[in-house]
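Asker: So I've got this file, my_file04.cif, and it contains mmCIF, C-alpha atoms:
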```cif
data_structure
loop_
_atom_site.group_PDB
_atom_site.id
_atom_site.type_symbol
_atom_site.label_atom_id
_atom_site.label_comp_id
_atom_site.auth_asym_id
_atom_site.auth_seq_id
_atom_site.Cartn_x
_atom_site.Cartn_y
_atom_site.Cartn_z
ATOM 1 C CA MET L 3 0.000 0.000 0.000
ATOM 2 C CA ASN L 4 1.368 3.399 -0.973
ATOM 3 C CA THR L 5 0.323 5.521 1.999
ATOM 4 C CA LYS L 6 1.021 8.732 0.044
ATOM 5 C CA GLU L 7 -2.161 7.972 -1.929
ATOM 6 C CA ILE L 8 -4.251 8.111 1.264
ATOM 7 C CA ASN L 9 -6.143 11.419 1.533
ATOM 8 C CA ILE L 10 -6.685 12.572 5.110
ATOM 9 C CA LEU L 11 -8.677 15.623 6.192
ATOM 10 C CA TYR L 12 -7.905 16.917 9.692
ATOM 11 C CA ILE L 13 -10.257 19.513 11.197
ATOM 12 C CA ASP L 14 -9.244 21.429 14.330
ATOM 13 C CA ASP L 15 -9.791 25.013 15.434
ATOM 14 C CA GLU L 16 -6.310 25.078 17.007
ATOM 15 C CA VAL L 17 -3.882 25.974 14.214
ATOM 16 C CA HIS L 18 -0.852 24.622 16.088
ATOM 17 C CA ASN L 19 -2.516 21.160 16.147
ATOM 18 C CA LEU L 20 -3.100 21.356 12.388
ATOM 19 C CA ASN L 21 0.518 22.372 11.827
ATOM 20 C CA ALA L 22 1.840 19.613 14.101
ATOM 21 C CA PHE L 23 -0.290 17.003 12.320
ATOM 22 C CA LYS L 24 0.792 18.210 8.900
ATOM 23 C CA ALA L 25 4.457 18.282 9.940
ATOM 24 C CA SER L 26 4.206 14.753 11.330
ATOM 25 C CA PHE L 27 2.285 13.113 8.490
ATOM 26 C CA ARG L 28 2.722 15.081 5.249
ATOM 27 C CA ARG L 29 5.537 12.793 4.083
ATOM 28 C CA THR L 30 3.449 9.683 4.759
ATOM 29 C CA PHE L 31 -0.065 10.740 3.707
ATOM 30 C CA ASN L 32 -1.730 13.319 1.499
ATOM 31 C CA VAL L 33 -2.881 15.730 4.241
ATOM 32 C CA PHE L 34 -5.620 18.360 4.015
ATOM 33 C CA THR L 35 -6.451 20.629 6.966
ATOM 34 C CA ALA L 36 -9.333 22.899 7.932
ATOM 35 C CA GLU L 37 -9.931 25.152 10.950
ATOM 36 C CA SER L 38 -13.683 24.429 11.053
ATOM 37 C CA GLY L 39 -16.387 22.232 9.643
ATOM 38 C CA LYS L 40 -17.370 25.094 7.351
ATOM 39 C CA ASP L 41 -13.808 25.274 5.979
ATOM 40 C CA ALA L 42 -13.754 21.495 5.519
ATOM 41 C CA LEU L 43 -16.808 21.335 3.233
ATOM 42 C CA PRO L 44 -15.082 22.699 0.078
ATOM 43 C CA ILE L 45 -12.263 20.191 0.590
ATOM 44 C CA LEU L 46 -14.774 17.331 0.802
ATOM 45 C CA GLU L 47 -16.390 18.584 -2.408
ATOM 46 C CA SER L 48 -13.156 18.848 -4.385
ATOM 47 C CA GLU L 49 -11.024 15.963 -3.044
ATOM 48 C CA ASP L 50 -11.518 12.215 -2.675
ATOM 49 C CA ILE L 51 -11.089 12.096 1.109
ATOM 50 C CA HIS L 52 -10.568 8.635 2.620
ATOM 51 C CA ILE L 53 -10.229 9.506 6.319
ATOM 52 C CA ILE L 54 -11.634 12.414 8.314
ATOM 53 C CA LEU L 55 -10.089 13.289 11.673
ATOM 54 C CA THR L 56 -11.871 15.963 13.613
ATOM 55 C CA ASP L 57 -11.473 17.621 16.974
ATOM 56 C CA GLN L 58 -14.601 17.333 19.114
ATOM 57 C CA ARG L 59 -14.633 20.719 20.830
ATOM 58 C CA MET L 60 -14.714 23.527 18.290
ATOM 59 C CA PRO L 61 -16.676 26.780 18.169
ATOM 60 C CA ASN L 62 -19.975 26.809 16.224
ATOM 61 C CA MET L 63 -20.064 23.044 15.580
ATOM 62 C CA THR L 64 -18.636 20.042 17.442
ATOM 63 C CA GLY L 65 -16.776 17.319 15.615
ATOM 64 C CA VAL L 66 -19.704 14.915 16.074
ATOM 65 C CA GLU L 67 -22.161 17.507 14.719
ATOM 66 C CA PHE L 68 -19.932 18.012 11.675
ATOM 67 C CA LEU L 69 -19.601 14.277 11.027
ATOM 68 C CA ALA L 70 -23.352 13.758 11.398
ATOM 69 C CA SER L 71 -24.043 16.677 9.036
ATOM 70 C CA ILE L 72 -22.006 15.189 6.170
ATOM 71 C CA LEU L 73 -23.202 11.573 6.412
ATOM 72 C CA ASP L 74 -25.763 11.811 3.607
ATOM 73 C CA LYS L 75 -23.474 13.500 1.104
ATOM 74 C CA HIS L 76 -20.150 11.911 2.155
ATOM 75 C CA PRO L 77 -20.879 8.477 3.672
ATOM 76 C CA ASP L 78 -17.651 6.738 2.638
ATOM 77 C CA PRO L 79 -14.745 8.381 4.522
ATOM 78 C CA ILE L 80 -13.670 6.686 7.734
ATOM 79 C CA ARG L 81 -14.334 8.994 10.687
ATOM 80 C CA ILE L 82 -11.978 9.481 13.634
ATOM 81 C CA LEU L 83 -12.724 11.767 16.578
ATOM 82 C CA LEU L 84 -9.700 13.370 18.234
ATOM 83 C CA THR L 85 -10.130 15.196 21.519
ATOM 84 C CA GLY L 86 -8.294 16.348 24.600
ATOM 85 C CA TYR L 87 -11.324 15.685 26.790
ATOM 86 C CA SER L 88 -12.729 12.391 27.987
ATOM 87 C CA ASP L 89 -16.436 13.106 27.650
ATOM 88 C CA LEU L 90 -18.581 9.949 27.699
ATOM 89 C CA THR L 91 -21.520 11.727 26.052
ATOM 90 C CA ALA L 92 -19.269 12.773 23.171
ATOM 91 C CA VAL L 93 -18.070 9.193 22.758
ATOM 92 C CA VAL L 94 -21.617 7.821 22.663
ATOM 93 C CA ASP L 95 -22.752 10.577 20.272
ATOM 94 C CA ALA L 96 -19.708 9.962 18.083
ATOM 95 C CA ILE L 97 -20.604 6.323 17.692
ATOM 96 C CA ASN L 98 -24.366 6.766 17.346
ATOM 97 C CA LYS L 99 -24.654 10.012 15.374
ATOM 98 C CA GLY L 100 -21.340 10.478 13.611
ATOM 99 C CA GLN L 101 -20.589 6.828 12.815
ATOM 100 C CA VAL L 102 -17.092 7.243 14.220
ATOM 101 C CA TYR L 103 -14.632 4.418 13.606
ATOM 102 C CA LEU L 104 -12.176 5.435 16.321
ATOM 103 C CA TYR L 105 -11.946 7.820 19.285
ATOM 104 C CA ILE L 106 -8.414 9.089 20.044
ATOM 105 C CA THR L 107 -7.371 11.342 22.906
ATOM 106 C CA LYS L 108 -4.935 14.236 22.564
ATOM 107 C CA PRO L 109 -2.051 14.503 22.687
ATOM 108 C CA TRP L 110 -1.652 11.723 20.148
ATOM 109 C CA GLN L 111 1.303 9.377 19.962
ATOM 110 C CA GLU L 112 2.659 9.761 16.431
ATOM 111 C CA GLU L 113 3.449 6.099 15.718
ATOM 112 C CA GLU L 114 0.167 4.872 17.209
ATOM 113 C CA LEU L 115 -1.815 7.454 15.232
ATOM 114 C CA ARG L 116 0.018 6.524 12.016
ATOM 115 C CA GLN L 117 -0.854 2.852 12.556
ATOM 116 C CA ASN L 118 -4.494 3.745 13.278
ATOM 117 C CA LEU L 119 -4.661 5.830 10.092
ATOM 118 C CA GLU L 120 -3.272 2.936 8.060
ATOM 119 C CA LYS L 121 -5.807 0.540 9.629
ATOM 120 C CA ALA L 122 -8.603 3.025 8.964
ATOM 121 C CA PHE L 123 -7.606 3.153 5.300
ATOM 122 C CA GLU L 124 -7.637 -0.650 5.141
ATOM 123 C CA VAL L 125 -11.248 -0.556 6.381
ATOM 124 C CA PHE L 126 -12.064 2.168 3.816
ATOM 125 C CA ASP L 127 -10.491 0.143 1.011
ATOM 126 C CA LEU L 128 -12.248 -3.093 2.043
ATOM 127 C CA ARG L 129 -15.605 -1.290 2.121
ATOM 128 C CA ARG L 130 -14.929 0.184 -1.329
ATOM 129 C CA GLN L 131 -13.966 -3.253 -2.724
ATOM 130 C CA ASN L 132 -17.055 -4.815 -1.134
ATOM 131 C CA LYS L 133 -19.267 -2.154 -2.704
ATOM 132 C CA LEU L 134 -17.768 -2.811 -6.160
ATOM 133 C CA LEU L 135 -18.129 -6.575 -5.780
ATOM 134 C CA THR L 136 -21.763 -6.158 -4.735
ATOM 135 C CA GLU L 137 -22.456 -3.904 -7.735
ATOM 136 C CA ASN L 138 -20.821 -6.426 -10.071
ATOM 137 C CA LEU L 139 -22.808 -9.265 -8.512
ATOM 138 C CA LEU L 140 -26.065 -7.372 -9.097
ATOM 139 C CA VAL L 141 -25.168 -6.890 -12.775
ATOM 140 C CA VAL L 142 -24.307 -10.572 -13.219
ATOM 141 C CA ASN L 143 -27.526 -11.607 -11.441
ATOM 142 C CA SER L 144 -29.541 -9.360 -13.722
ATOM 143 C CA GLN L 145 -27.855 -10.846 -16.784
ATOM 144 C CA LEU L 146 -28.523 -14.390 -15.548
ATOM 145 C CA GLU L 147 -32.174 -13.591 -14.924
ATOM 146 C CA PHE L 148 -32.466 -12.167 -18.446
ATOM 147 C CA MET L 149 -30.839 -15.271 -19.944
ATOM 148 C CA LEU L 150 -33.136 -17.535 -17.910
ATOM 149 C CA ARG L 151 -36.227 -15.615 -19.097
ATOM 150 C CA GLN L 152 -35.020 -15.871 -22.718
ATOM 151 C CA LYS L 153 -34.531 -19.628 -22.316
ATOM 152 C CA LEU L 154 -38.017 -20.044 -20.791
ATOM 153 C CA ILE L 155 -39.635 -18.081 -23.635
ATOM 154 C CA SER L 156 -37.983 -20.136 -26.402
#
```
For this file, produce the structure as structure tokens.
Answerer:
Amino acid sequence: MNTKEINILYIDDEVHNLNAFKASFRRTFNVFTAESGKDALPILESEDIHIILTDQRMPNMTGVEFLASILDKHPDPIRILLTGYSDLTAVVDAINKGQVYLYITKPWQEEELRQNLEKAFEVFDLRRQNKLLTENLLVVNSQLEFMLRQKLIS
């Protein structure tokens, strides 16, 4: 797996966290950053994002609220919540509303986070492959049904 082909969007209102993340991972992954959910939307529209990391506590919109708000339009990226607070309600909301794959506390450990990002991409890629296989299976089933109907008619 060429990790440089993995597109990661990190959303955090603290610019120093964005800079630290980019400095740590820009050589390994294709990193996009945004200071708010509002700033992240154009990136989601223009880039094929595989993993979304978001801080939970941000002004105007929490990380969970952002993730829940994009589910309909952007269901495929793997979602990771990153926070400096251990808030049980946020964890439950993240899982139930934001469909979060992983909950990580700040400050992150670089090697552990890198491994989690790679695992998250594996899940993303497996889901994408499964979706393609299912689509192909539906086409083949449809073709078989057509052939069977043709055979029954003749």
Asker: Select, from L:Lys75, L:His52, L:Lys108, L:Arg151, the residue with the minimum atom-to-atom distance to Val125 (chain L), counting only C-alpha atoms.
Answerer: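 That would be L:His52, the residue with the smallest distance to Val125 (chain L).
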Asker: For region 137-144 of chain L, what centre and edge lengths in Å (one decimal) does the axis-aligned box get once 6 Å is added on each side of all its listed atoms, as lines of an AutoDock Vina configuration file?
Answerer:
```
center_x = -25.2
center_y = -7.8
center_z = -10.7
size_x = 20.7
size_y = 19.7
size_z = 18.0
```
Asker: Please provide the set of residues having any atom within 9 Å of Thr107 (chain L), restricted to all atoms listed in the file, with same-chain residues fewer than 3 positions apart removed, written as a ChimeraX atom specification.
Answerer: /L:83-88,110
Asker: Hey, which of L:Thr30, L:Ile45, L:Asn62, L:Glu37 ends up closest to His18 (chain L)? Count all atoms listed in the file.
Answerer: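 Ranked by minimum distance to His18 (chain L), first place goes to L:Glu37.
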Asker: Mind telling me what the PyMOL selection byres ((chain L and resi 61) around 12) catches here, as a list in words?
Answerer: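 Output of the PyMOL selection byres ((chain L and resi 61) around 12): Ile13, Asp14, Asp15, Glu16, Glu37, Ser38, Gly39, Lys40, Asp57, Gln58, Arg59, Met60, Asn62, Met63, Thr64, Gly65, Glu67 and Phe68 of chain L.
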Asker: With a distance cut-off of 12 Å and only C-alpha atoms, select the neighbouring residues of Arg130 (chain L), excluding the residue or stretch itself and same-chain residues fewer than 5 positions from it, and output the selection as a ChimeraX atom specification.
Answerer: /L:52,77-80,123-125,135-137
Asker: Counting all atoms listed in the file, figure out which residue out of L:Leu55, L:Leu119, L:Ala70, L:Ala25 gets nearest to Ile8 (chain L).
Answerer: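 Closest to Ile8 (chain L), using all atoms listed in the file: L:Leu119.
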Asker: Kindly indicate which residue among L:Gln117, L:Thr56, L:Ser144, L:Ser48 lies nearest to Leu20 (chain L), using only C-alpha atoms for the distances.
Answerer: L:Thr56
